[in-house]
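Visitor: File follows, structure.txt with compact mmCIF, C-alpha atoms:
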# COMPACT_ATOMS: atom_id res chain seq x y z
CA MET A 15 11.12 -6.28 -23.11
CA ASP A 16 9.69 -5.74 -26.57
CA ASP A 17 6.52 -7.62 -25.91
CA LYS A 18 4.47 -5.00 -24.19
CA VAL A 19 0.86 -4.11 -24.79
CA ASP A 20 -0.84 -0.80 -24.13
CA LEU A 21 -3.35 -1.10 -21.35
CA ASP A 22 -6.36 0.84 -20.35
CA HIS A 23 -5.46 2.69 -17.19
CA MET A 24 -7.67 0.66 -14.92
CA GLY A 25 -6.28 -2.63 -16.18
CA SER A 26 -2.80 -1.36 -15.51
CA VAL A 27 -3.32 -0.43 -11.90
CA MET A 28 -4.98 -3.77 -11.26
CA SER A 29 -1.63 -5.33 -12.14
CA LEU A 30 -0.07 -4.12 -8.88
CA PRO A 31 0.94 -6.87 -6.44
CA PRO A 32 -1.55 -7.67 -3.66
CA ALA A 33 -1.44 -5.53 -0.52
CA PRO A 34 -2.70 -5.91 3.06
CA VAL A 35 -6.46 -5.86 3.47
CA VAL A 36 -7.74 -4.71 6.86
CA LEU A 37 -10.95 -4.56 8.85
CA VAL A 38 -11.68 -1.09 10.14
CA GLY A 39 -13.78 -0.75 13.29
CA VAL A 40 -15.56 2.55 13.67
CA GLY A 41 -18.33 4.12 15.70
CA ASP A 42 -19.52 4.23 19.24
CA GLU A 43 -23.24 3.65 19.63
CA GLU A 44 -23.69 3.14 15.91
CA ARG A 45 -20.70 0.97 15.11
CA ASN A 46 -19.61 -1.02 12.15
CA ILE A 47 -16.86 -2.89 10.32
CA ILE A 48 -15.49 -1.77 6.98
CA THR A 49 -13.28 -3.93 4.76
CA VAL A 50 -10.51 -1.69 3.43
CA GLY A 51 -7.98 -2.54 0.74
CA MET A 52 -6.93 1.08 0.41
CA PHE A 53 -4.61 1.16 3.37
CA ASN A 54 -1.02 2.24 3.82
CA VAL A 55 1.68 3.38 6.19
CA PHE A 56 2.27 7.07 5.41
CA SER A 57 5.11 7.81 7.82
CA VAL A 58 7.28 5.63 10.02
CA ARG A 59 8.55 8.20 12.53
CA PRO A 60 6.08 9.30 13.73
CA PRO A 61 3.93 6.38 12.67
CA ILE A 62 1.03 7.65 10.57
CA ILE A 63 -1.32 5.24 8.88
CA GLY A 64 -4.16 5.92 6.48
CA ILE A 65 -7.22 4.27 5.03
CA ALA A 66 -9.55 5.27 2.24
CA VAL A 67 -13.19 4.64 1.49
CA THR A 68 -15.34 5.50 -1.50
CA THR A 69 -16.80 8.89 -0.77
CA SER A 70 -20.31 7.64 -1.52
CA ARG A 71 -20.32 4.76 0.95
CA HIS A 72 -22.04 4.54 4.31
CA SER A 73 -18.63 4.02 5.90
CA TYR A 74 -17.72 7.50 4.77
CA LYS A 75 -20.45 8.94 6.99
CA LEU A 76 -19.22 6.96 10.01
CA LEU A 77 -15.60 8.00 9.42
CA GLU A 78 -16.64 11.63 9.04
CA GLU A 79 -18.60 11.55 12.29
CA ASN A 80 -15.99 9.79 14.45
CA ASP A 81 -12.52 10.96 15.46
CA GLU A 82 -11.19 7.48 16.08
CA PHE A 83 -11.09 4.14 14.31
CA THR A 84 -9.29 0.82 14.64
CA ILE A 85 -7.30 -1.07 12.05
CA ASN A 86 -7.48 -4.82 12.54
CA ILE A 87 -5.35 -7.27 10.58
CA PRO A 88 -7.29 -10.43 9.74
CA GLY A 89 -5.71 -13.85 9.39
CA LYS A 90 -6.48 -15.89 6.29
CA GLU A 91 -9.12 -17.96 8.08
CA LEU A 92 -11.28 -14.84 8.31
CA MET A 93 -11.52 -14.39 4.53
CA ASP A 94 -15.28 -15.06 4.31
CA LYS A 95 -15.96 -12.46 6.99
CA VAL A 96 -13.66 -9.99 5.23
CA ILE A 97 -15.66 -10.51 2.03
CA ALA A 98 -19.00 -10.14 3.88
CA CYS A 99 -17.87 -6.88 5.51
CA GLY A 100 -16.82 -5.58 2.09
CA GLU A 101 -20.03 -6.50 0.30
CA LYS A 102 -22.70 -5.46 2.81
CA SER A 103 -23.54 -1.90 3.69
CA GLY A 104 -23.51 -0.81 7.29
CA SER A 105 -26.59 1.31 6.56
CA ASP A 106 -28.84 -1.73 6.98
CA THR A 107 -26.56 -4.39 8.54
CA ASP A 108 -24.72 -4.61 11.86
CA LYS A 109 -21.68 -6.43 10.55
CA PHE A 110 -20.60 -7.53 14.02
CA LYS A 111 -23.89 -9.43 14.23
CA LEU A 112 -23.70 -10.63 10.64
CA THR A 113 -20.23 -12.13 10.94
CA GLY A 114 -20.13 -13.07 14.61
CA LEU A 115 -16.92 -11.08 15.02
CA THR A 116 -16.43 -9.80 18.56
CA ALA A 117 -16.27 -6.09 19.29
CA VAL A 118 -13.92 -5.22 22.13
CA LYS A 119 -13.77 -1.73 23.55
CA GLY A 120 -10.55 0.10 22.65
CA LYS A 121 -7.97 0.64 25.40
CA ARG A 122 -7.18 4.23 24.47
CA THR A 123 -9.96 5.03 22.00
CA LYS A 124 -13.70 4.51 21.86
CA ALA A 125 -13.66 2.72 18.51
CA PRO A 126 -14.39 -1.03 18.61
CA ARG A 127 -11.53 -3.47 18.09
CA ILE A 128 -12.10 -6.89 16.53
CA ALA A 129 -10.99 -9.63 18.91
CA GLU A 130 -10.44 -12.34 16.26
CA CYS A 131 -7.83 -10.33 14.31
CA LEU A 132 -4.05 -10.82 14.66
CA ILE A 133 -3.30 -7.15 15.30
CA ASN A 134 -5.50 -4.36 16.68
CA ILE A 135 -4.38 -0.81 16.13
CA GLU A 136 -6.21 2.12 17.68
CA VAL A 137 -5.98 5.26 15.62
CA LYS A 138 -6.84 8.89 16.28
CA LYS A 139 -7.85 10.65 13.09
CA THR A 140 -5.66 13.66 12.35
CA ARG A 141 -6.64 14.70 8.84
CA SER A 142 -8.53 13.72 5.74
CA PHE A 143 -8.33 14.61 2.07
CA GLU A 144 -10.10 13.67 -1.14
CA VAL A 145 -8.42 12.03 -4.11
CA GLY A 146 -10.67 11.22 -7.06
CA ASP A 147 -13.40 8.84 -5.90
CA HIS A 148 -11.90 8.16 -2.45
CA THR A 149 -11.55 10.04 0.81
CA TRP A 150 -8.37 9.26 2.76
CA TYR A 151 -8.22 9.41 6.56
CA LEU A 152 -4.82 9.67 8.19
CA GLY A 153 -4.22 9.14 11.85
CA GLU A 154 -1.71 8.52 14.58
CA ILE A 155 -1.47 5.25 16.47
CA LYS A 156 -2.64 5.46 20.07
CA HIS A 157 -2.35 1.83 21.08
CA THR A 158 -1.53 -1.54 19.52
CA ASP A 159 -2.02 -5.13 20.58
CA ILE A 160 -0.56 -8.06 18.69
CA VAL A 161 -0.80 -11.82 19.12
CA GLU A 162 2.21 -13.35 20.78
CA LYS A 163 3.19 -15.72 17.97
CA TYR A 164 2.60 -13.38 15.07
CA ASP A 165 3.52 -14.72 11.67
CA ARG A 166 3.17 -12.22 8.83
CA SER A 167 2.51 -14.98 6.31
CA GLN A 168 -0.81 -15.72 8.07
CA ALA A 169 -2.23 -12.28 7.25
CA LEU A 170 -4.49 -11.75 4.24
CA LEU A 171 -3.43 -9.82 1.16
CA TYR A 172 -5.90 -8.67 -1.48
CA TRP A 173 -5.99 -7.07 -4.90
CA ASP A 174 -8.10 -7.27 -8.01
CA GLY A 175 -10.58 -9.80 -6.62
CA GLU A 176 -7.93 -12.22 -5.34
CA PHE A 177 -6.90 -13.11 -1.81
CA TRP A 178 -3.34 -14.23 -1.13
CA THR A 179 -0.85 -14.60 1.67
CA ALA A 180 2.81 -13.64 1.58
CA ALA A 181 5.26 -16.53 1.35
CA ALA A 182 6.24 -18.03 4.70
CA LYS A 183 9.97 -17.59 4.02
CA PRO A 184 11.48 -14.30 2.87
CA LEU A 185 13.18 -14.26 -0.52
CA LYS A 186 15.88 -12.02 0.94
CA VAL A 187 16.51 -10.50 4.35
CA LEU A 188 18.34 -7.20 4.87
CA ARG A 189 20.55 -6.44 7.79
CA PRO A 190 18.39 -4.89 10.51
CA ASP A 191 18.38 -1.12 10.18
CA MET B 90 -6.99 -14.07 21.21
CA GLU B 91 -4.19 -13.52 23.71
CA LYS B 92 -2.34 -10.34 22.77
CA ASN B 93 0.53 -8.17 23.97
CA GLU B 94 0.86 -4.42 23.73
CA VAL B 95 3.61 -3.24 21.38
CA ASN B 96 4.85 0.24 20.56
CA PRO B 97 3.46 1.96 17.44
CA ILE B 98 6.63 1.67 15.35
CA TRP B 99 6.83 -2.03 16.06
CA ALA B 100 3.17 -2.31 15.10
CA CYS B 101 3.87 -0.71 11.72
CA ARG B 102 6.65 -3.20 11.10
CA ALA B 103 4.22 -6.07 11.63
CA PHE B 104 2.12 -5.48 8.51
CA PRO B 105 2.34 -8.50 6.21
CA ALA B 106 4.02 -7.07 3.08
CA PHE B 107 3.53 -4.24 0.64
CA PRO B 108 4.13 -4.14 -3.09
CA VAL B 109 7.60 -2.80 -3.85
CA VAL B 110 8.06 -0.79 -7.04
CA LEU B 111 10.75 1.17 -8.84
CA ALA B 112 9.82 4.80 -9.40
CA ALA B 113 11.75 6.63 -12.11
CA VAL B 114 12.09 10.35 -12.58
CA GLY B 115 14.00 12.39 -15.14
CA ASP B 116 14.65 16.01 -15.99
CA GLY B 117 14.28 15.51 -19.73
CA LYS B 118 17.94 16.45 -20.23
CA GLY B 119 19.39 13.02 -19.61
CA LYS B 120 19.55 13.09 -15.81
CA ASN B 121 17.47 10.15 -14.64
CA ASN B 122 17.10 8.42 -11.32
CA ILE B 123 15.41 5.37 -9.86
CA ILE B 124 14.08 5.01 -6.34
CA THR B 125 12.85 1.84 -4.67
CA VAL B 126 9.50 2.48 -3.01
CA ALA B 127 7.47 0.25 -0.72
CA LEU B 128 5.27 3.12 0.36
CA VAL B 129 3.06 2.95 -2.69
CA HIS B 130 -0.67 2.57 -3.14
CA MET B 131 -3.65 3.20 -5.30
CA PHE B 132 -5.37 6.38 -4.11
CA SER B 133 -8.34 6.57 -6.44
CA PHE B 134 -9.84 4.29 -9.06
CA ASN B 135 -11.72 6.90 -11.07
CA PRO B 136 -9.57 8.62 -12.12
CA PRO B 137 -6.76 6.11 -11.49
CA VAL B 138 -4.31 7.77 -9.09
CA LEU B 139 -1.20 6.13 -7.64
CA GLY B 140 0.83 7.58 -4.81
CA ILE B 141 4.42 7.10 -3.66
CA GLY B 142 5.94 8.18 -0.35
CA VAL B 143 9.51 9.49 -0.41
CA SER B 144 11.71 10.72 2.41
CA PRO B 145 12.82 14.37 1.91
CA ALA B 146 16.36 13.28 2.85
CA ARG B 147 16.69 11.40 -0.42
CA HIS B 148 18.11 12.64 -3.69
CA SER B 149 14.97 11.52 -5.51
CA TYR B 150 12.96 13.94 -3.41
CA GLU B 151 14.66 16.92 -5.05
CA MET B 152 14.11 15.42 -8.49
CA LEU B 153 10.46 14.63 -7.72
CA GLU B 154 9.89 18.14 -6.40
CA ALA B 155 11.22 19.58 -9.66
CA SER B 156 9.39 17.18 -11.97
CA ASP B 157 5.77 17.23 -13.14
CA ASP B 158 5.68 13.48 -13.55
CA PHE B 159 7.20 10.13 -12.64
CA SER B 160 6.84 6.50 -13.66
CA ILE B 161 5.99 3.54 -11.48
CA ASN B 162 7.53 0.32 -12.68
CA ILE B 163 6.57 -3.07 -11.28
CA PRO B 164 9.55 -5.41 -11.03
CA SER B 165 9.31 -9.19 -10.99
CA LYS B 166 11.01 -11.15 -8.22
CA ASP B 167 13.92 -11.84 -10.60
CA LEU B 168 14.97 -8.21 -10.11
CA VAL B 169 15.31 -8.39 -6.32
CA GLU B 170 19.03 -7.49 -6.35
CA GLU B 171 18.42 -4.45 -8.58
CA VAL B 172 15.49 -3.39 -6.39
CA LEU B 173 17.73 -3.61 -3.33
CA TYR B 174 20.55 -1.70 -5.06
CA CYS B 175 18.21 1.13 -6.08
CA GLY B 176 16.89 1.31 -2.52
CA GLN B 177 20.25 1.44 -0.78
CA ARG B 178 22.24 3.78 -3.03
CA SER B 179 21.81 7.46 -3.63
CA GLY B 180 21.40 8.69 -7.17
CA ARG B 181 23.51 11.71 -6.25
CA ASP B 182 26.71 9.83 -7.01
CA ILE B 183 25.73 7.05 -9.38
CA ASP B 184 23.62 6.33 -12.43
CA LYS B 185 21.31 3.54 -11.32
CA PHE B 186 20.06 2.82 -14.84
CA GLU B 187 23.62 2.14 -15.96
CA ASP B 188 24.63 0.20 -12.84
CA CYS B 189 21.56 -2.06 -13.02
CA GLY B 190 21.75 -2.52 -16.77
CA PHE B 191 18.29 -1.01 -17.13
CA GLU B 192 17.16 0.68 -20.29
CA PRO B 193 15.59 4.09 -19.69
CA ARG B 194 12.84 4.20 -22.29
CA PRO B 195 11.25 7.60 -22.89
CA GLY B 196 7.77 7.85 -21.45
CA LYS B 197 5.05 8.08 -24.10
CA LYS B 198 3.07 10.76 -22.27
CA ILE B 199 5.55 11.97 -19.63
CA ARG B 200 9.06 13.43 -19.55
CA SER B 201 10.37 10.91 -17.00
CA PRO B 202 11.66 7.59 -18.33
CA VAL B 203 10.16 4.15 -17.74
CA ILE B 204 12.20 1.05 -16.91
CA ASP B 205 11.88 -1.35 -19.79
CA GLU B 206 12.93 -4.42 -17.78
CA CYS B 207 9.94 -4.16 -15.41
CA MET B 208 6.69 -6.11 -16.06
CA VAL B 209 4.48 -3.04 -15.95
CA ASN B 210 5.19 0.64 -16.66
CA LEU B 211 2.75 3.22 -15.36
CA GLU B 212 3.22 6.82 -16.45
CA CYS B 213 1.93 9.24 -13.82
CA VAL B 214 1.38 12.99 -13.86
CA LYS B 215 1.67 14.65 -10.44
CA ARG B 216 -1.69 15.87 -9.16
CA GLN B 217 -1.39 16.23 -5.39
CA ARG B 218 1.35 16.41 -2.79
CA VAL B 219 0.75 15.32 0.80
CA ASP B 220 3.14 15.91 3.69
CA ALA B 221 2.92 13.13 6.27
CA GLY B 222 5.51 12.83 9.02
CA ASP B 223 8.84 11.67 7.64
CA HIS B 224 7.58 11.13 4.06
CA VAL B 225 6.21 13.33 1.30
CA TRP B 226 3.60 11.63 -0.86
CA TYR B 227 3.27 12.36 -4.56
CA LEU B 228 -0.05 11.36 -6.02
CA GLY B 229 -0.04 10.94 -9.78
CA GLU B 230 -2.76 10.21 -12.26
CA VAL B 231 -1.98 7.31 -14.58
CA VAL B 232 -1.96 8.75 -18.11
CA HIS B 233 -0.40 5.83 -19.96
CA ALA B 234 0.39 2.23 -19.08
CA GLU B 235 2.06 -0.76 -20.68
CA MET B 236 2.31 -4.30 -19.50
CA ALA B 237 4.48 -7.22 -20.63
CA LYS B 238 2.51 -9.95 -22.36
CA ASP B 239 3.85 -12.51 -19.91
CA ALA B 240 3.38 -10.35 -16.81
CA ASP B 241 2.16 -12.53 -13.98
CA ARG B 242 0.98 -11.63 -10.49
CA GLU B 243 2.73 -14.74 -9.19
CA LYS B 244 6.08 -13.14 -10.06
CA SER B 245 5.29 -10.16 -7.78
CA LEU B 246 7.88 -8.89 -5.37
CA MET B 247 6.90 -7.48 -1.99
CA TYR B 248 8.84 -5.86 0.81
CA TRP B 249 8.37 -4.84 4.40
CA SER B 250 10.39 -4.55 7.55
CA GLY B 251 13.69 -5.61 6.04
CA GLU B 252 12.33 -8.63 4.19
CA PHE B 253 11.61 -9.24 0.52
CA ARG B 254 8.86 -11.78 0.02
CA VAL B 255 7.07 -13.36 -2.87
CA LEU B 256 3.43 -14.44 -2.77
CA GLY B 257 2.56 -17.53 -0.77
CA ASP B 258 -0.80 -19.25 -1.11
CA VAL B 259 -3.67 -18.01 -3.20
CA ILE B 260 -6.67 -18.21 -0.88
CA ARG B 261 -9.26 -17.26 -3.47
CA ARG B 262 -8.99 -16.64 -7.21
CA ARG B 263 -11.29 -14.14 -8.80
As structure tokens, what does this structure read like?
Guide:
Amino acid sequence: MDDKVDLDHMGSVMSLPPAPVVLVGVGDEERNIITVGMFNVFSVRPPIIGIAVTTSRHSYKLLEENDEFTINIPGKELMDKVIACGEKSGSDTDKFKLTGLTAVKGKRTKAPRIAECLINIEVKKTRSFEVGDHTWYLGEIKHTDIVEKYDRSQALLYWDGEFWTAAAKPLKVLRPD
Amino acid sequence: MEKNEVNPIWACRAFPAFPVVLAAVGDGKGKNNIITVALVHMFSFNPPVLGIGVSPARHSYEMLEASDDFSINIPSKDLVEEVLYCGQRSGRDIDKFEDCGFEPRPGKKIRSPVIDECMVNLECVKRQRVDAGDHVWYLGEVVHAEMAKDADREKSLMYWSGEFRVLGDVIRRR
């Protein structure tokens, strides 16, 4: 391709495809919901998943103070609540109250799960590290519940201000590994 | 919502889809390799840092360990067969650039090559290394980037759990 333009670095990273956006439940007495687009699977065996928050945010304080959190996968019908949980600060808003989302006590952790989400994953924090303007928290999965008729194309994807879903039919399927 | 308990590995397989990219690494002496990576994410915005997770069993791991940099190249869905090929073969025995018909273009600010046929080329300099279970993560700061004039998010390719997917519905535009 000859037709390429130099980009500022930020513009370039915004060109990545969308990725899963999740709701993180954290806290015990003081509890809250954090919308997190910085989320990834770090290891498959053992399963290690990680989330990141801006080091300056209120969520950072809650994640520093608690050893456990939940990762909840929202369906596309929850987009407005996902946006609200991303825009408001937990320092002055109880986002469970704000959005009407239901906190359910974890089965193997104390962190609140969000009943309306398709998947609830309970995570025990194992380590954290700083990268630039974000702090990453990695943890191991303690328990997972998933809706019976889960369809991955119902889950929300997000990047660069846009919400998407993945196509209902795969473009290509590999032989099971 | 009615839910069932599943084991943690099954839970990880249930995530919707992740971006899939081609990472390229070279030794500056003509030995180049490409690895297909679905474990990829932005790690920091300021400065912009991208990370890729690679299994130590792979040939690319040795090359990444030895290199100070790598490129992340975003393929369009038209390249799904090449993406699959680069993910299933080891660079120990083959030259993936040659086999895929890709042109290794020298990086402008890094020693590793970029893949010209991809929509976006991000040149990354290794900053941090994180061991996590069965993958080693290389976090690289983006030092140079180029994007095709007709690059389009709607051509994005994603992968997870044995399935390549394209984007479905846009729920909200920016």
Visitor: Would you mind reading off the distance between atom CA of A:Ile48 and atom CA of A:Lys138, one decimal, in Å?
Guide: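 We find that atom CA of A:Ile48 and atom CA of A:Lys138 lie 16.6 Å from each other.
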Visitor: Name the closest residue to A:Lys186 among the candidates B:His233, B:Lys166, B:Lys120, B:Arg200; distances are taken between atoms, counting all atoms listed in the file.
Guide: B:Lys166
Visitor: Pick from B:Ala106, B:Asn122, B:Ser149, B:Cys207: nearest to B:Asp167, with all atoms listed in the file counted?
Guide: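 Comparing B:Ala106, B:Asn122, B:Ser149, B:Cys207 against B:Asp167, the winner is B:Cys207.
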Visitor: Write out as JSON, numbers by chain which residues come within 8 Å of stretch 147-163 of chain A when counting only C-alpha atoms, dropping same-chain ones fewer than 6 positions away.
Guide: {"A": [60, 61, 62, 63, 64, 65, 66, 67, 68, 69, 74, 121, 122, 123, 132, 133, 134, 135, 136, 137, 138, 139, 140, 141], "B": [90, 91, 92, 93, 94, 95, 96, 97, 100, 132, 133, 134, 135, 136]}
Visitor: Excluding stretch 165-176 of chain A and its own-chain neighbours fewer than 6 positions away, which residues fall within 8 Å of it when counting all atoms listed in the file? Please give them as a VMD selection string.
Guide: (chain A and resid 28 to 35 51 87 to 90 93 132 182) or (chain B and resid 103 to 106 257 259 to 263)
Visitor: Kindly indicate which residue among B:Ile161, B:Ile204, B:Val143, B:Ile183 lies nearest to B:Val110, using all atoms listed in the file for the distances.
Guide: B:Ile161
Visitor: So which residues touch B:Leu168 within 12 Å, counting only C-alpha atoms, skipping near sequence neighbours fewer than 4 positions away, as a list in words?
Guide: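 Close residues of B:Leu168: Leu185 and Lys186 of chain A; Val109, Val110, Leu111, Thr125, Asn162, Ile163, Pro164, Val172, Leu173, Tyr174, Cys175, Cys189, Gly190, Phe191, Ile204, Glu206, Cys207, Met208, Lys244, Ser245, Leu246, Met247, Phe253 and Val255 of chain B.
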Visitor: Which of these, A:Asn86, A:Val36, A:His72, A:Ser57, has the shortest distance to A:Thr107 once you count all atoms listed in the file?
Guide: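 Looking at the shortest contact to A:Thr107, the residue is A:His72.
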Visitor: Excluding B:Pro193 and residues on its chain fewer than 2 positions from it, collect all residues at most 8 Å away from it, counting all atoms listed in the file, and give them as a PyMOL selection string.
Guide: chain B and resi 186+191+195+202-205
Visitor: When you draw a straight line from atom CA of A:Arg127 to atom CA of A:Ile47, how long is it in Å?
Guide: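 Distance between the two atoms: 9.4 Å.
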Visitor: Rounded to one decimal, what separation in Å do you get between atom CA of B:Gly117 and atom CA of B:Arg147?
Guide: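 Taking atom CA of B:Gly117 and atom CA of B:Arg147, their separation equals 19.9 Å.
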Visitor: Edge lengths and centre, in Å to one decimal, as lines of an AutoDock Vina configuration file: that's what I need for the box along x, y and z that holds all listed atoms of stretch 37-47 of chain A plus 8 Å on each side.
Guide:
center_x = -17.3
center_y = -0.2
center_z = 14.2
size_x = 28.7
size_y = 24.8
size_z = 26.8
Visitor: For A:Gly104, which of A:Gly25, A:Gly146, A:Pro126, A:Gly39 is the closest residue, counting only C-alpha atoms?
Guide: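 Nearest to A:Gly104: A:Gly39.
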Visitor: Considering all atoms listed in the file, can you say which of A:Val50, A:Leu77, A:Leu37, A:Val58 comes closest to chain B?
Guide: A:Val58
Visitor: Is there a way to complete stretch 216-242 of chain B with N, CA and C atoms and then write that out as a PDB file, keeping the file's coordinate frame?
Guide:
ATOM      1  N   ARG B 216      -0.451  15.126  -9.377  1.00  0.00           N
ATOM      2  CA  ARG B 216      -1.690  15.870  -9.160  1.00  0.00           C
ATOM      3  C   ARG B 216      -1.769  16.498  -7.767  1.00  0.00           C
ATOM      4  N   GLN B 217      -1.312  15.735  -6.759  1.00  0.00           N
ATOM      5  CA  GLN B 217      -1.390  16.230  -5.390  1.00  0.00           C
ATOM      6  C   GLN B 217      -0.110  15.876  -4.660  1.00  0.00           C
ATOM      7  N   ARG B 218       0.170  16.656  -3.610  1.00  0.00           N
ATOM      8  CA  ARG B 218       1.350  16.410  -2.790  1.00  0.00           C
ATOM      9  C   ARG B 218       0.868  16.442  -1.348  1.00  0.00           C
ATOM     10  N   VAL B 219       1.220  15.421  -0.589  1.00  0.00           N
ATOM     11  CA  VAL B 219       0.750  15.320   0.800  1.00  0.00           C
ATOM     12  C   VAL B 219       1.952  15.147   1.711  1.00  0.00           C
ATOM     13  N   ASP B 220       2.105  16.040   2.665  1.00  0.00           N
ATOM     14  CA  ASP B 220       3.140  15.910   3.690  1.00  0.00           C
ATOM     15  C   ASP B 220       2.614  15.026   4.806  1.00  0.00           C
ATOM     16  N   ALA B 221       3.361  13.972   5.148  1.00  0.00           N
ATOM     17  CA  ALA B 221       2.920  13.130   6.270  1.00  0.00           C
ATOM     18  C   ALA B 221       4.142  12.666   7.038  1.00  0.00           C
ATOM     19  N   GLY B 222       4.403  13.281   8.176  1.00  0.00           N
ATOM     20  CA  GLY B 222       5.510  12.830   9.020  1.00  0.00           C
ATOM     21  C   GLY B 222       6.834  12.853   8.293  1.00  0.00           C
ATOM     22  N   ASP B 223       7.503  11.703   8.233  1.00  0.00           N
ATOM     23  CA  ASP B 223       8.840  11.670   7.640  1.00  0.00           C
ATOM     24  C   ASP B 223       8.826  11.377   6.131  1.00  0.00           C
ATOM     25  N   HIS B 224       7.667  11.363   5.500  1.00  0.00           N
ATOM     26  CA  HIS B 224       7.580  11.130   4.060  1.00  0.00           C
ATOM     27  C   HIS B 224       6.709  12.183   3.388  1.00  0.00           C
ATOM     28  N   VAL B 225       7.078  12.507   2.153  1.00  0.00           N
ATOM     29  CA  VAL B 225       6.210  13.330   1.300  1.00  0.00           C
ATOM     30  C   VAL B 225       5.605  12.387   0.266  1.00  0.00           C
ATOM     31  N   TRP B 226       4.297  12.492   0.089  1.00  0.00           N
ATOM     32  CA  TRP B 226       3.600  11.630  -0.860  1.00  0.00           C
ATOM     33  C   TRP B 226       3.293  12.401  -2.132  1.00  0.00           C
ATOM     34  N   TYR B 227       3.620  11.789  -3.260  1.00  0.00           N
ATOM     35  CA  TYR B 227       3.270  12.360  -4.560  1.00  0.00           C
ATOM     36  C   TYR B 227       2.194  11.487  -5.176  1.00  0.00           C
ATOM     37  N   LEU B 228       1.056  12.099  -5.443  1.00  0.00           N
ATOM     38  CA  LEU B 228      -0.050  11.360  -6.020  1.00  0.00           C
ATOM     39  C   LEU B 228      -0.121  11.714  -7.499  1.00  0.00           C
ATOM     40  N   GLY B 229      -0.065  10.700  -8.340  1.00  0.00           N
ATOM     41  CA  GLY B 229      -0.040  10.940  -9.780  1.00  0.00           C
ATOM     42  C   GLY B 229      -1.126  10.191 -10.510  1.00  0.00           C
ATOM     43  N   GLU B 230      -1.743  10.881 -11.450  1.00  0.00           N
ATOM     44  CA  GLU B 230      -2.760  10.210 -12.260  1.00  0.00           C
ATOM     45  C   GLU B 230      -2.087   9.405 -13.367  1.00  0.00           C
ATOM     46  N   VAL B 231      -2.542   8.180 -13.541  1.00  0.00           N
ATOM     47  CA  VAL B 231      -1.980   7.310 -14.580  1.00  0.00           C
ATOM     48  C   VAL B 231      -2.488   7.797 -15.938  1.00  0.00           C
ATOM     49  N   VAL B 232      -1.553   8.225 -16.801  1.00  0.00           N
ATOM     50  CA  VAL B 232      -1.960   8.750 -18.110  1.00  0.00           C
ATOM     51  C   VAL B 232      -1.599   7.793 -19.244  1.00  0.00           C
ATOM     52  N   HIS B 233      -0.735   6.835 -18.947  1.00  0.00           N
ATOM     53  CA  HIS B 233      -0.400   5.830 -19.960  1.00  0.00           C
ATOM     54  C   HIS B 233       0.165   4.617 -19.229  1.00  0.00           C
ATOM     55  N   ALA B 234      -0.111   3.433 -19.742  1.00  0.00           N
ATOM     56  CA  ALA B 234       0.390   2.230 -19.080  1.00  0.00           C
ATOM     57  C   ALA B 234       0.676   1.147 -20.096  1.00  0.00           C
ATOM     58  N   GLU B 235       1.736   0.397 -19.841  1.00  0.00           N
ATOM     59  CA  GLU B 235       2.060  -0.760 -20.680  1.00  0.00           C
ATOM     60  C   GLU B 235       2.438  -1.930 -19.794  1.00  0.00           C
ATOM     61  N   MET B 236       2.120  -3.105 -20.299  1.00  0.00           N
ATOM     62  CA  MET B 236       2.310  -4.300 -19.500  1.00  0.00           C
ATOM     63  C   MET B 236       2.898  -5.399 -20.387  1.00  0.00           C
ATOM     64  N   ALA B 237       3.884  -6.128 -19.856  1.00  0.00           N
ATOM     65  CA  ALA B 237       4.480  -7.220 -20.630  1.00  0.00           C
ATOM     66  C   ALA B 237       3.430  -8.294 -20.867  1.00  0.00           C
ATOM     67  N   LYS B 238       3.511  -8.928 -22.035  1.00  0.00           N
ATOM     68  CA  LYS B 238       2.510  -9.950 -22.360  1.00  0.00           C
ATOM     69  C   LYS B 238       2.552 -11.108 -21.374  1.00  0.00           C
ATOM     70  N   ASP B 239       3.747 -11.390 -20.846  1.00  0.00           N
ATOM     71  CA  ASP B 239       3.850 -12.510 -19.910  1.00  0.00           C
ATOM     72  C   ASP B 239       3.897 -12.047 -18.448  1.00  0.00           C
ATOM     73  N   ALA B 240       3.426 -10.831 -18.200  1.00  0.00           N
ATOM     74  CA  ALA B 240       3.380 -10.350 -16.810  1.00  0.00           C
ATOM     75  C   ALA B 240       2.472 -11.280 -16.004  1.00  0.00           C
ATOM     76  N   ASP B 241       2.875 -11.541 -14.771  1.00  0.00           N
ATOM     77  CA  ASP B 241       2.160 -12.530 -13.980  1.00  0.00           C
ATOM     78  C   ASP B 241       2.219 -12.103 -12.516  1.00  0.00           C
ATOM     79  N   ARG B 242       1.032 -12.036 -11.904  1.00  0.00           N
ATOM     80  CA  ARG B 242       0.980 -11.630 -10.490  1.00  0.00           C
ATOM     81  C   ARG B 242       1.846 -12.546  -9.624  1.00  0.00           C
TER      82      ARG B 242
END
